[in-house]
Amino acid sequence: YGDDGLVVIGFPSNDFFGQEPGTEEEIQKFCRLTYKVQFPMFEKTTVREENAHPFFAGLASAAGTYPKWNFHKFLIGRDGKLVDNFLSFTSPQGKTIVDAIERLL
């Protein structure tokens, strides 16, 4: 959906049992090789409630929940407002997310 305006961005976090212990370069290399990630990756970010980066604190406030595990997904509309959020186990290619994206595009 990139040609239609969808932009995916990734925020690695080491908040969940140390799953992202490496450097920024190591994390990006791992994600690209293991998961074929081609979208922009930001620096390692704190996302849990106690110390969440202000960006994630704002998303969590709008969503009513903080990420409980890596791969939590937030869908943000063109206006910059949260549209929905999806738990880690929700597949990025799953019907729920695809339908939500298609409604926005």
# chains A, B, ... in the order shown; residues from 1 in each chain; ligands from 1
>>> residues_around(residues="A:Tyr66", least_positions_apart="5", cutoff="10 Å", atoms="only C-alpha atoms", output="JSON, numbers by chain")
{"A": [47, 48, 49, 52, 56, 57, 58, 59, 60, 61, 72, 85, 87]}
>>> residues_around(residues="stretch 73-76 of chain A", least_positions_apart="3", cutoff="7 Å", atoms="only C-alpha atoms", output="VMD selection string")
chain A and resid 80 to 88
>>> write_last_selection(atoms="all heavy atoms", output="PDB file, in the first residue's frame")
ATOM      1  N   GLY A  80      -2.891  12.495  11.507  1.00  0.00           N
ATOM      2  CA  GLY A  80      -2.016  12.325  12.651  1.00  0.00           C
ATOM      3  C   GLY A  80      -2.702  11.775  13.885  1.00  0.00           C
ATOM      4  O   GLY A  80      -2.082  11.643  14.933  1.00  0.00           O
ATOM      5  N   LYS A  81      -3.975  11.444  13.770  1.00  0.00           N
ATOM      6  CA  LYS A  81      -4.716  10.919  14.920  1.00  0.00           C
ATOM      7  C   LYS A  81      -4.763   9.392  14.885  1.00  0.00           C
ATOM      8  O   LYS A  81      -4.834   8.786  13.816  1.00  0.00           O
ATOM      9  CB  LYS A  81      -6.136  11.483  14.934  1.00  0.00           C
ATOM     10  CG  LYS A  81      -6.150  12.979  15.168  1.00  0.00           C
ATOM     11  CD  LYS A  81      -7.553  13.512  15.221  1.00  0.00           C
ATOM     12  CE  LYS A  81      -7.500  15.022  15.437  1.00  0.00           C
ATOM     13  NZ  LYS A  81      -8.805  15.628  15.349  1.00  0.00           N
ATOM     14  N   LEU A  82      -4.745   8.804  16.070  1.00  0.00           N
ATOM     15  CA  LEU A  82      -4.827   7.353  16.183  1.00  0.00           C
ATOM     16  C   LEU A  82      -6.162   6.863  15.646  1.00  0.00           C
ATOM     17  O   LEU A  82      -7.217   7.378  16.012  1.00  0.00           O
ATOM     18  CB  LEU A  82      -4.669   6.926  17.647  1.00  0.00           C
ATOM     19  CG  LEU A  82      -4.749   5.423  17.885  1.00  0.00           C
ATOM     20  CD1 LEU A  82      -3.508   4.725  17.346  1.00  0.00           C
ATOM     21  CD2 LEU A  82      -4.930   5.137  19.356  1.00  0.00           C
ATOM     22  N   VAL A  83      -6.103   5.859  14.788  1.00  0.00           N
ATOM     23  CA  VAL A  83      -7.309   5.245  14.244  1.00  0.00           C
ATOM     24  C   VAL A  83      -7.633   3.962  15.006  1.00  0.00           C
ATOM     25  O   VAL A  83      -8.775   3.710  15.364  1.00  0.00           O
ATOM     26  CB  VAL A  83      -7.140   4.943  12.738  1.00  0.00           C
ATOM     27  CG1 VAL A  83      -8.322   4.163  12.191  1.00  0.00           C
ATOM     28  CG2 VAL A  83      -6.929   6.233  11.962  1.00  0.00           C
ATOM     29  N   ASP A  84      -6.593   3.163  15.251  1.00  0.00           N
ATOM     30  CA  ASP A  84      -6.786   1.891  15.949  1.00  0.00           C
ATOM     31  C   ASP A  84      -5.426   1.387  16.413  1.00  0.00           C
ATOM     32  O   ASP A  84      -4.391   1.923  16.023  1.00  0.00           O
ATOM     33  CB  ASP A  84      -7.442   0.862  15.017  1.00  0.00           C
ATOM     34  CG  ASP A  84      -8.253  -0.185  15.760  1.00  0.00           C
ATOM     35  OD1 ASP A  84      -8.062  -0.346  16.991  1.00  0.00           O
ATOM     36  OD2 ASP A  84      -9.073  -0.861  15.119  1.00  0.00           O
ATOM     37  N   ASN A  85      -5.448   0.356  17.230  1.00  0.00           N
ATOM     38  CA  ASN A  85      -4.214  -0.302  17.629  1.00  0.00           C
ATOM     39  C   ASN A  85      -4.464  -1.794  17.673  1.00  0.00           C
ATOM     40  O   ASN A  85      -5.600  -2.237  17.842  1.00  0.00           O
ATOM     41  CB  ASN A  85      -3.683   0.268  18.937  1.00  0.00           C
ATOM     42  CG  ASN A  85      -4.425  -0.214  20.155  1.00  0.00           C
ATOM     43  OD1 ASN A  85      -3.921  -1.037  20.901  1.00  0.00           O
ATOM     44  ND2 ASN A  85      -5.633   0.295  20.384  1.00  0.00           N
ATOM     45  N   PHE A  86      -3.403  -2.549  17.500  1.00  0.00           N
ATOM     46  CA  PHE A  86      -3.522  -3.992  17.358  1.00  0.00           C
ATOM     47  C   PHE A  86      -2.461  -4.673  18.215  1.00  0.00           C
ATOM     48  O   PHE A  86      -1.303  -4.260  18.228  1.00  0.00           O
ATOM     49  CB  PHE A  86      -3.350  -4.397  15.893  1.00  0.00           C
ATOM     50  CG  PHE A  86      -4.286  -3.670  14.970  1.00  0.00           C
ATOM     51  CD1 PHE A  86      -3.886  -2.489  14.367  1.00  0.00           C
ATOM     52  CD2 PHE A  86      -5.557  -4.140  14.728  1.00  0.00           C
ATOM     53  CE1 PHE A  86      -4.740  -1.799  13.521  1.00  0.00           C
ATOM     54  CE2 PHE A  86      -6.424  -3.455  13.893  1.00  0.00           C
ATOM     55  CZ  PHE A  86      -6.010  -2.283  13.287  1.00  0.00           C
ATOM     56  N   LEU A  87      -2.850  -5.724  18.903  1.00  0.00           N
ATOM     57  CA  LEU A  87      -1.938  -6.452  19.768  1.00  0.00           C
ATOM     58  C   LEU A  87      -0.851  -7.151  18.960  1.00  0.00           C
ATOM     59  O   LEU A  87      -0.980  -7.345  17.750  1.00  0.00           O
ATOM     60  CB  LEU A  87      -2.715  -7.468  20.600  1.00  0.00           C
ATOM     61  CG  LEU A  87      -3.782  -6.873  21.526  1.00  0.00           C
ATOM     62  CD1 LEU A  87      -4.557  -7.977  22.215  1.00  0.00           C
ATOM     63  CD2 LEU A  87      -3.146  -5.938  22.536  1.00  0.00           C
ATOM     64  N   SER A  88       0.184  -7.540  19.638  1.00  0.00           N
ATOM     65  CA  SER A  88       1.359  -8.137  19.003  1.00  0.00           C
ATOM     66  C   SER A  88       1.030  -9.336  18.139  1.00  0.00           C
ATOM     67  O   SER A  88       1.620  -9.519  17.078  1.00  0.00           O
ATOM     68  CB  SER A  88       2.362  -8.567  20.074  1.00  0.00           C
ATOM     69  OG  SER A  88       2.746  -7.471  20.842  1.00  0.00           O
TER      70      SER A  88
END
>>> atom_distance(atom1="atom CA of A:Ala62", atom2="atom CA of A:Phe39")
24.2 Å
>>> select_by_dssp(residues="chain A", states="strand (DSSP E)", output="PyMOL selection string")
chain A and resi 73-76+82-86
>>> closest_residue(among="A:Asn14, A:Asn70, A:Gln28, A:Gln19", to="A:Thr45", atoms="only C-alpha atoms")
A:Asn14
>>> closest_residue(among="A:Leu105, A:Leu33, A:Met41, A:Ala63", to="A:Gly2", atoms="only C-alpha atoms")
A:Leu105
>>> residues_around(residues="A:Tyr1", least_positions_apart="4", cutoff="9 Å", atoms="only C-alpha atoms", output="list in words")
Gly5, Leu6, Val7, Ile101, Glu102 and Leu105 of chain A
>>> select_by_dssp(residues="chain A", states="helix (DSSP H, G or I)", output="JSON, numbers by chain")
{"A": [2, 3, 4, 24, 25, 26, 27, 28, 29, 30, 31, 32, 33, 34, 35, 54, 55, 56, 57, 58, 59, 60, 61, 62, 63, 95, 96, 97, 98, 99, 100, 101, 102, 103, 104]}
>>> write_last_selection(atoms="N, CA, C and O atoms", output="CSV table (one decimal), in the first residue's frame")
chain,number,residue,atom,x,y,z
A,2,GLY,N,2.1,1.1,-0.2
A,2,GLY,CA,3.0,2.3,-0.2
A,2,GLY,C,2.7,3.3,-1.2
A,2,GLY,O,2.7,4.5,-1.0
A,3,ASP,N,2.3,2.8,-2.4
A,3,ASP,CA,2.0,3.7,-3.5
A,3,ASP,C,0.7,4.5,-3.2
A,3,ASP,O,0.4,5.5,-3.8
A,4,ASP,N,-0.1,4.0,-2.3
A,4,ASP,CA,-1.4,4.6,-1.9
A,4,ASP,C,-1.2,5.6,-0.7
A,4,ASP,O,-2.2,6.2,-0.2
A,24,GLU,N,21.9,0.1,17.6
A,24,GLU,CA,20.9,0.4,16.5
A,24,GLU,C,21.2,-0.3,15.2
A,24,GLU,O,20.4,-0.9,14.6
A,25,GLU,N,22.5,-0.3,14.9
A,25,GLU,CA,22.9,-1.0,13.7
A,25,GLU,C,22.7,-2.5,13.7
A,25,GLU,O,22.2,-3.1,12.7
A,26,GLU,N,23.0,-3.1,14.8
A,26,GLU,CA,22.7,-4.6,15.0
A,26,GLU,C,21.2,-4.9,14.9
A,26,GLU,O,20.8,-5.9,14.2
A,27,ILE,N,20.4,-4.1,15.5
A,27,ILE,CA,19.0,-4.3,15.5
A,27,ILE,C,18.4,-4.2,14.0
A,27,ILE,O,17.7,-5.0,13.6
A,28,GLN,N,18.8,-3.1,13.3
A,28,GLN,CA,18.4,-2.9,12.0
A,28,GLN,C,18.8,-4.1,11.1
A,28,GLN,O,18.0,-4.6,10.3
A,29,LYS,N,20.1,-4.5,11.2
A,29,LYS,CA,20.6,-5.6,10.4
A,29,LYS,C,19.8,-6.9,10.7
A,29,LYS,O,19.4,-7.6,9.8
A,30,PHE,N,19.5,-7.2,12.0
A,30,PHE,CA,18.8,-8.4,12.4
A,30,PHE,C,17.4,-8.3,11.8
A,30,PHE,O,16.9,-9.3,11.2
A,31,CYS,N,16.7,-7.2,11.9
A,31,CYS,CA,15.3,-7.1,11.4
A,31,CYS,C,15.3,-7.2,9.8
A,31,CYS,O,14.4,-7.8,9.3
A,32,ARG,N,16.3,-6.7,9.2
A,32,ARG,CA,16.3,-6.7,7.7
A,32,ARG,C,16.6,-8.2,7.3
A,32,ARG,O,16.0,-8.7,6.3
A,33,LEU,N,17.5,-8.9,7.9
A,33,LEU,CA,17.9,-10.2,7.5
A,33,LEU,C,16.8,-11.2,8.0
A,33,LEU,O,16.5,-12.2,7.2
A,34,THR,N,16.3,-11.1,9.2
A,34,THR,CA,15.4,-12.1,9.7
A,34,THR,C,14.0,-11.9,9.2
A,34,THR,O,13.3,-12.9,8.9
A,35,TYR,N,13.5,-10.6,9.2
A,35,TYR,CA,12.1,-10.4,8.9
A,35,TYR,C,11.9,-9.7,7.6
A,35,TYR,O,10.8,-9.3,7.2
A,54,PRO,N,7.5,10.1,25.0
A,54,PRO,CA,6.3,11.0,24.9
A,54,PRO,C,5.5,10.6,23.7
A,54,PRO,O,4.2,10.6,23.7
A,55,PHE,N,6.1,10.1,22.6
A,55,PHE,CA,5.3,9.7,21.4
A,55,PHE,C,4.4,8.5,21.8
A,55,PHE,O,3.3,8.5,21.4
A,56,PHE,N,5.0,7.5,22.5
A,56,PHE,CA,4.2,6.3,22.8
A,56,PHE,C,3.3,6.6,24.0
A,56,PHE,O,2.2,6.0,24.1
A,57,ALA,N,3.6,7.5,24.9
A,57,ALA,CA,2.7,7.9,25.9
A,57,ALA,C,1.4,8.5,25.3
A,57,ALA,O,0.3,8.3,25.7
A,58,GLY,N,1.6,9.4,24.3
A,58,GLY,CA,0.5,10.0,23.6
A,58,GLY,C,-0.4,8.9,22.9
A,58,GLY,O,-1.6,9.0,22.9
A,59,LEU,N,0.3,8.0,22.2
A,59,LEU,CA,-0.4,6.9,21.5
A,59,LEU,C,-1.2,6.1,22.5
A,59,LEU,O,-2.4,5.7,22.3
A,60,ALA,N,-0.6,5.7,23.6
A,60,ALA,CA,-1.2,4.9,24.6
A,60,ALA,C,-2.4,5.6,25.2
A,60,ALA,O,-3.4,5.0,25.5
A,61,SER,N,-2.2,6.9,25.5
A,61,SER,CA,-3.3,7.7,26.0
A,61,SER,C,-4.5,7.6,25.1
A,61,SER,O,-5.7,7.4,25.5
A,62,ALA,N,-4.3,7.8,23.8
A,62,ALA,CA,-5.4,7.8,22.8
A,62,ALA,C,-6.0,6.4,22.6
A,62,ALA,O,-7.2,6.3,22.4
A,63,ALA,N,-5.1,5.4,22.7
A,63,ALA,CA,-5.6,4.0,22.5
A,63,ALA,C,-6.2,3.4,23.8
A,63,ALA,O,-7.0,2.5,23.7
A,95,LYS,N,-6.7,-9.9,8.1
A,95,LYS,CA,-7.9,-9.2,7.6
A,95,LYS,C,-8.2,-7.9,8.4
A,95,LYS,O,-8.6,-6.9,7.9
A,96,THR,N,-8.1,-8.0,9.7
A,96,THR,CA,-8.4,-6.9,10.6
A,96,THR,C,-7.6,-5.7,10.3
A,96,THR,O,-8.2,-4.6,10.1
A,97,ILE,N,-6.3,-5.8,10.1
A,97,ILE,CA,-5.4,-4.7,9.8
A,97,ILE,C,-5.6,-4.2,8.4
A,97,ILE,O,-5.7,-3.0,8.1
A,98,VAL,N,-5.7,-5.2,7.5
A,98,VAL,CA,-5.8,-4.8,6.1
A,98,VAL,C,-7.1,-4.1,5.8
A,98,VAL,O,-7.1,-3.1,5.1
A,99,ASP,N,-8.2,-4.5,6.4
A,99,ASP,CA,-9.5,-3.8,6.3
A,99,ASP,C,-9.4,-2.4,6.8
A,99,ASP,O,-9.9,-1.5,6.2
A,100,ALA,N,-8.7,-2.2,7.9
A,100,ALA,CA,-8.6,-0.9,8.6
A,100,ALA,C,-7.8,0.0,7.7
A,100,ALA,O,-8.1,1.2,7.5
A,101,ILE,N,-6.7,-0.5,7.1
A,101,ILE,CA,-5.8,0.3,6.2
A,101,ILE,C,-6.6,0.7,5.0
A,101,ILE,O,-6.6,1.8,4.5
A,102,GLU,N,-7.3,-0.3,4.4
A,102,GLU,CA,-8.0,0.0,3.1
A,102,GLU,C,-9.1,1.0,3.3
A,102,GLU,O,-9.4,1.8,2.4
A,103,ARG,N,-9.7,1.0,4.5
A,103,ARG,CA,-10.8,2.1,4.8
A,103,ARG,C,-10.2,3.5,4.8
A,103,ARG,O,-10.8,4.4,4.4
A,104,LEU,N,-8.9,3.5,5.2
A,104,LEU,CA,-8.2,4.9,5.3
A,104,LEU,C,-7.7,5.3,4.0
A,104,LEU,O,-7.5,6.5,3.8
>>> atom_distance(atom1="atom CA of A:Gly22", atom2="atom CA of A:Lys36")
17.9 Å
>>> atom_distance(atom1="atom CA of A:Phe89", atom2="atom CA of A:Phe17")
16.7 Å
>>> residues_around(residues="A:Thr46", least_positions_apart="6", cutoff="7 Å", atoms="only C-alpha atoms", output="PyMOL selection string")
chain A and resi 13+15+52-53
>>> decode(residues="stretch 64-92 of chain A", atoms="N, CA, C and O atoms", output="PDB file, in the first residue's frame")
ATOM      1  N   GLY A  64      -5.812   3.945  24.957  1.00  0.00           N
ATOM      2  CA  GLY A  64      -6.281   3.380  26.211  1.00  0.00           C
ATOM      3  C   GLY A  64      -5.441   2.202  26.681  1.00  0.00           C
ATOM      4  O   GLY A  64      -5.814   1.516  27.634  1.00  0.00           O
ATOM      5  N   THR A  65      -4.306   1.962  26.015  1.00  0.00           N
ATOM      6  CA  THR A  65      -3.438   0.861  26.410  1.00  0.00           C
ATOM      7  C   THR A  65      -2.012   1.094  25.926  1.00  0.00           C
ATOM      8  O   THR A  65      -1.814   1.709  24.867  1.00  0.00           O
ATOM      9  N   TYR A  66      -1.075   0.625  26.706  1.00  0.00           N
ATOM     10  CA  TYR A  66       0.331   0.636  26.301  1.00  0.00           C
ATOM     11  C   TYR A  66       0.656  -0.706  25.655  1.00  0.00           C
ATOM     12  O   TYR A  66      -0.015  -1.704  25.942  1.00  0.00           O
ATOM     13  N   PRO A  67       1.689  -0.762  24.817  1.00  0.00           N
ATOM     14  CA  PRO A  67       2.097  -2.062  24.274  1.00  0.00           C
ATOM     15  C   PRO A  67       2.432  -3.026  25.407  1.00  0.00           C
ATOM     16  O   PRO A  67       3.073  -2.653  26.386  1.00  0.00           O
ATOM     17  N   LYS A  68       1.995  -4.254  25.248  1.00  0.00           N
ATOM     18  CA  LYS A  68       2.270  -5.281  26.245  1.00  0.00           C
ATOM     19  C   LYS A  68       3.385  -6.213  25.772  1.00  0.00           C
ATOM     20  O   LYS A  68       3.866  -7.042  26.537  1.00  0.00           O
ATOM     21  N   TRP A  69       3.772  -6.079  24.513  1.00  0.00           N
ATOM     22  CA  TRP A  69       4.841  -6.901  23.938  1.00  0.00           C
ATOM     23  C   TRP A  69       5.302  -6.242  22.646  1.00  0.00           C
ATOM     24  O   TRP A  69       4.591  -5.415  22.084  1.00  0.00           O
ATOM     25  N   ASN A  70       6.480  -6.636  22.185  1.00  0.00           N
ATOM     26  CA  ASN A  70       6.955  -6.126  20.895  1.00  0.00           C
ATOM     27  C   ASN A  70       5.971  -6.476  19.781  1.00  0.00           C
ATOM     28  O   ASN A  70       5.185  -7.414  19.909  1.00  0.00           O
ATOM     29  N   PHE A  71       6.014  -5.736  18.727  1.00  0.00           N
ATOM     30  CA  PHE A  71       5.163  -5.900  17.542  1.00  0.00           C
ATOM     31  C   PHE A  71       3.734  -5.399  17.757  1.00  0.00           C
ATOM     32  O   PHE A  71       2.833  -5.719  16.990  1.00  0.00           O
ATOM     33  N   HIS A  72       3.511  -4.610  18.801  1.00  0.00           N
ATOM     34  CA  HIS A  72       2.225  -3.921  18.950  1.00  0.00           C
ATOM     35  C   HIS A  72       2.144  -2.923  17.788  1.00  0.00           C
ATOM     36  O   HIS A  72       3.152  -2.348  17.403  1.00  0.00           O
ATOM     37  N   LYS A  73       0.963  -2.749  17.233  1.00  0.00           N
ATOM     38  CA  LYS A  73       0.817  -1.888  16.063  1.00  0.00           C
ATOM     39  C   LYS A  73      -0.184  -0.773  16.333  1.00  0.00           C
ATOM     40  O   LYS A  73      -1.250  -1.024  16.886  1.00  0.00           O
ATOM     41  N   PHE A  74       0.183   0.436  15.936  1.00  0.00           N
ATOM     42  CA  PHE A  74      -0.718   1.580  16.011  1.00  0.00           C
ATOM     43  C   PHE A  74      -0.980   2.046  14.584  1.00  0.00           C
ATOM     44  O   PHE A  74      -0.036   2.215  13.804  1.00  0.00           O
ATOM     45  N   LEU A  75      -2.227   2.271  14.246  1.00  0.00           N
ATOM     46  CA  LEU A  75      -2.600   2.785  12.931  1.00  0.00           C
ATOM     47  C   LEU A  75      -2.984   4.249  13.096  1.00  0.00           C
ATOM     48  O   LEU A  75      -3.915   4.573  13.834  1.00  0.00           O
ATOM     49  N   ILE A  76      -2.244   5.101  12.417  1.00  0.00           N
ATOM     50  CA  ILE A  76      -2.443   6.544  12.523  1.00  0.00           C
ATOM     51  C   ILE A  76      -2.926   7.065  11.174  1.00  0.00           C
ATOM     52  O   ILE A  76      -2.361   6.736  10.134  1.00  0.00           O
ATOM     53  N   GLY A  77      -3.971   7.875  11.202  1.00  0.00           N
ATOM     54  CA  GLY A  77      -4.534   8.425   9.971  1.00  0.00           C
ATOM     55  C   GLY A  77      -3.690   9.557   9.412  1.00  0.00           C
ATOM     56  O   GLY A  77      -2.754  10.049  10.038  1.00  0.00           O
ATOM     57  N   ARG A  78      -4.044   9.993   8.219  1.00  0.00           N
ATOM     58  CA  ARG A  78      -3.317  11.090   7.557  1.00  0.00           C
ATOM     59  C   ARG A  78      -3.355  12.377   8.383  1.00  0.00           C
ATOM     60  O   ARG A  78      -2.486  13.223   8.248  1.00  0.00           O
ATOM     61  N   ASP A  79      -4.365  12.499   9.245  1.00  0.00           N
ATOM     62  CA  ASP A  79      -4.485  13.691  10.077  1.00  0.00           C
ATOM     63  C   ASP A  79      -3.625  13.615  11.338  1.00  0.00           C
ATOM     64  O   ASP A  79      -3.624  14.522  12.162  1.00  0.00           O
ATOM     65  N   GLY A  80      -2.891  12.495  11.507  1.00  0.00           N
ATOM     66  CA  GLY A  80      -2.016  12.325  12.651  1.00  0.00           C
ATOM     67  C   GLY A  80      -2.702  11.775  13.885  1.00  0.00           C
ATOM     68  O   GLY A  80      -2.082  11.643  14.933  1.00  0.00           O
ATOM     69  N   LYS A  81      -3.975  11.444  13.770  1.00  0.00           N
ATOM     70  CA  LYS A  81      -4.716  10.919  14.920  1.00  0.00           C
ATOM     71  C   LYS A  81      -4.763   9.392  14.885  1.00  0.00           C
ATOM     72  O   LYS A  81      -4.834   8.786  13.816  1.00  0.00           O
ATOM     73  N   LEU A  82      -4.745   8.804  16.070  1.00  0.00           N
ATOM     74  CA  LEU A  82      -4.827   7.353  16.183  1.00  0.00           C
ATOM     75  C   LEU A  82      -6.162   6.863  15.646  1.00  0.00           C
ATOM     76  O   LEU A  82      -7.217   7.378  16.012  1.00  0.00           O
ATOM     77  N   VAL A  83      -6.103   5.859  14.788  1.00  0.00           N
ATOM     78  CA  VAL A  83      -7.309   5.245  14.244  1.00  0.00           C
ATOM     79  C   VAL A  83      -7.633   3.962  15.006  1.00  0.00           C
ATOM     80  O   VAL A  83      -8.775   3.710  15.364  1.00  0.00           O
ATOM     81  N   ASP A  84      -6.593   3.163  15.251  1.00  0.00           N
ATOM     82  CA  ASP A  84      -6.786   1.891  15.949  1.00  0.00           C
ATOM     83  C   ASP A  84      -5.426   1.387  16.413  1.00  0.00           C
ATOM     84  O   ASP A  84      -4.391   1.923  16.023  1.00  0.00           O
ATOM     85  N   ASN A  85      -5.448   0.356  17.230  1.00  0.00           N
ATOM     86  CA  ASN A  85      -4.214  -0.302  17.629  1.00  0.00           C
ATOM     87  C   ASN A  85      -4.464  -1.794  17.673  1.00  0.00           C
ATOM     88  O   ASN A  85      -5.600  -2.237  17.842  1.00  0.00           O
ATOM     89  N   PHE A  86      -3.403  -2.549  17.500  1.00  0.00           N
ATOM     90  CA  PHE A  86      -3.522  -3.992  17.358  1.00  0.00           C
ATOM     91  C   PHE A  86      -2.461  -4.673  18.215  1.00  0.00           C
ATOM     92  O   PHE A  86      -1.303  -4.260  18.228  1.00  0.00           O
ATOM     93  N   LEU A  87      -2.850  -5.724  18.903  1.00  0.00           N
ATOM     94  CA  LEU A  87      -1.938  -6.452  19.768  1.00  0.00           C
ATOM     95  C   LEU A  87      -0.851  -7.151  18.960  1.00  0.00           C
ATOM     96  O   LEU A  87      -0.980  -7.345  17.750  1.00  0.00           O
ATOM     97  N   SER A  88       0.184  -7.540  19.638  1.00  0.00           N
ATOM     98  CA  SER A  88       1.359  -8.137  19.003  1.00  0.00           C
ATOM     99  C   SER A  88       1.030  -9.336  18.139  1.00  0.00           C
ATOM    100  O   SER A  88       1.620  -9.519  17.078  1.00  0.00           O
ATOM    101  N   PHE A  89       0.107 -10.176  18.584  1.00  0.00           N
ATOM    102  CA  PHE A  89      -0.179 -11.399  17.843  1.00  0.00           C
ATOM    103  C   PHE A  89      -1.032 -11.171  16.599  1.00  0.00           C
ATOM    104  O   PHE A  89      -1.253 -12.091  15.811  1.00  0.00           O
ATOM    105  N   THR A  90      -1.502  -9.954  16.371  1.00  0.00           N
ATOM    106  CA  THR A  90      -2.283  -9.646  15.179  1.00  0.00           C
ATOM    107  C   THR A  90      -1.339  -9.542  13.986  1.00  0.00           C
ATOM    108  O   THR A  90      -0.406  -8.746  13.990  1.00  0.00           O
ATOM    109  N   SER A  91      -1.567 -10.357  12.982  1.00  0.00           N
ATOM    110  CA  SER A  91      -0.694 -10.374  11.808  1.00  0.00           C
ATOM    111  C   SER A  91      -0.831  -9.072  11.017  1.00  0.00           C
ATOM    112  O   SER A  91      -1.953  -8.611  10.777  1.00  0.00           O
ATOM    113  N   PRO A  92       0.292  -8.494  10.587  1.00  0.00           N
ATOM    114  CA  PRO A  92       0.226  -7.277   9.776  1.00  0.00           C
ATOM    115  C   PRO A  92      -0.511  -7.501   8.451  1.00  0.00           C
ATOM    116  O   PRO A  92      -1.015  -6.562   7.865  1.00  0.00           O
TER     117      PRO A  92
END
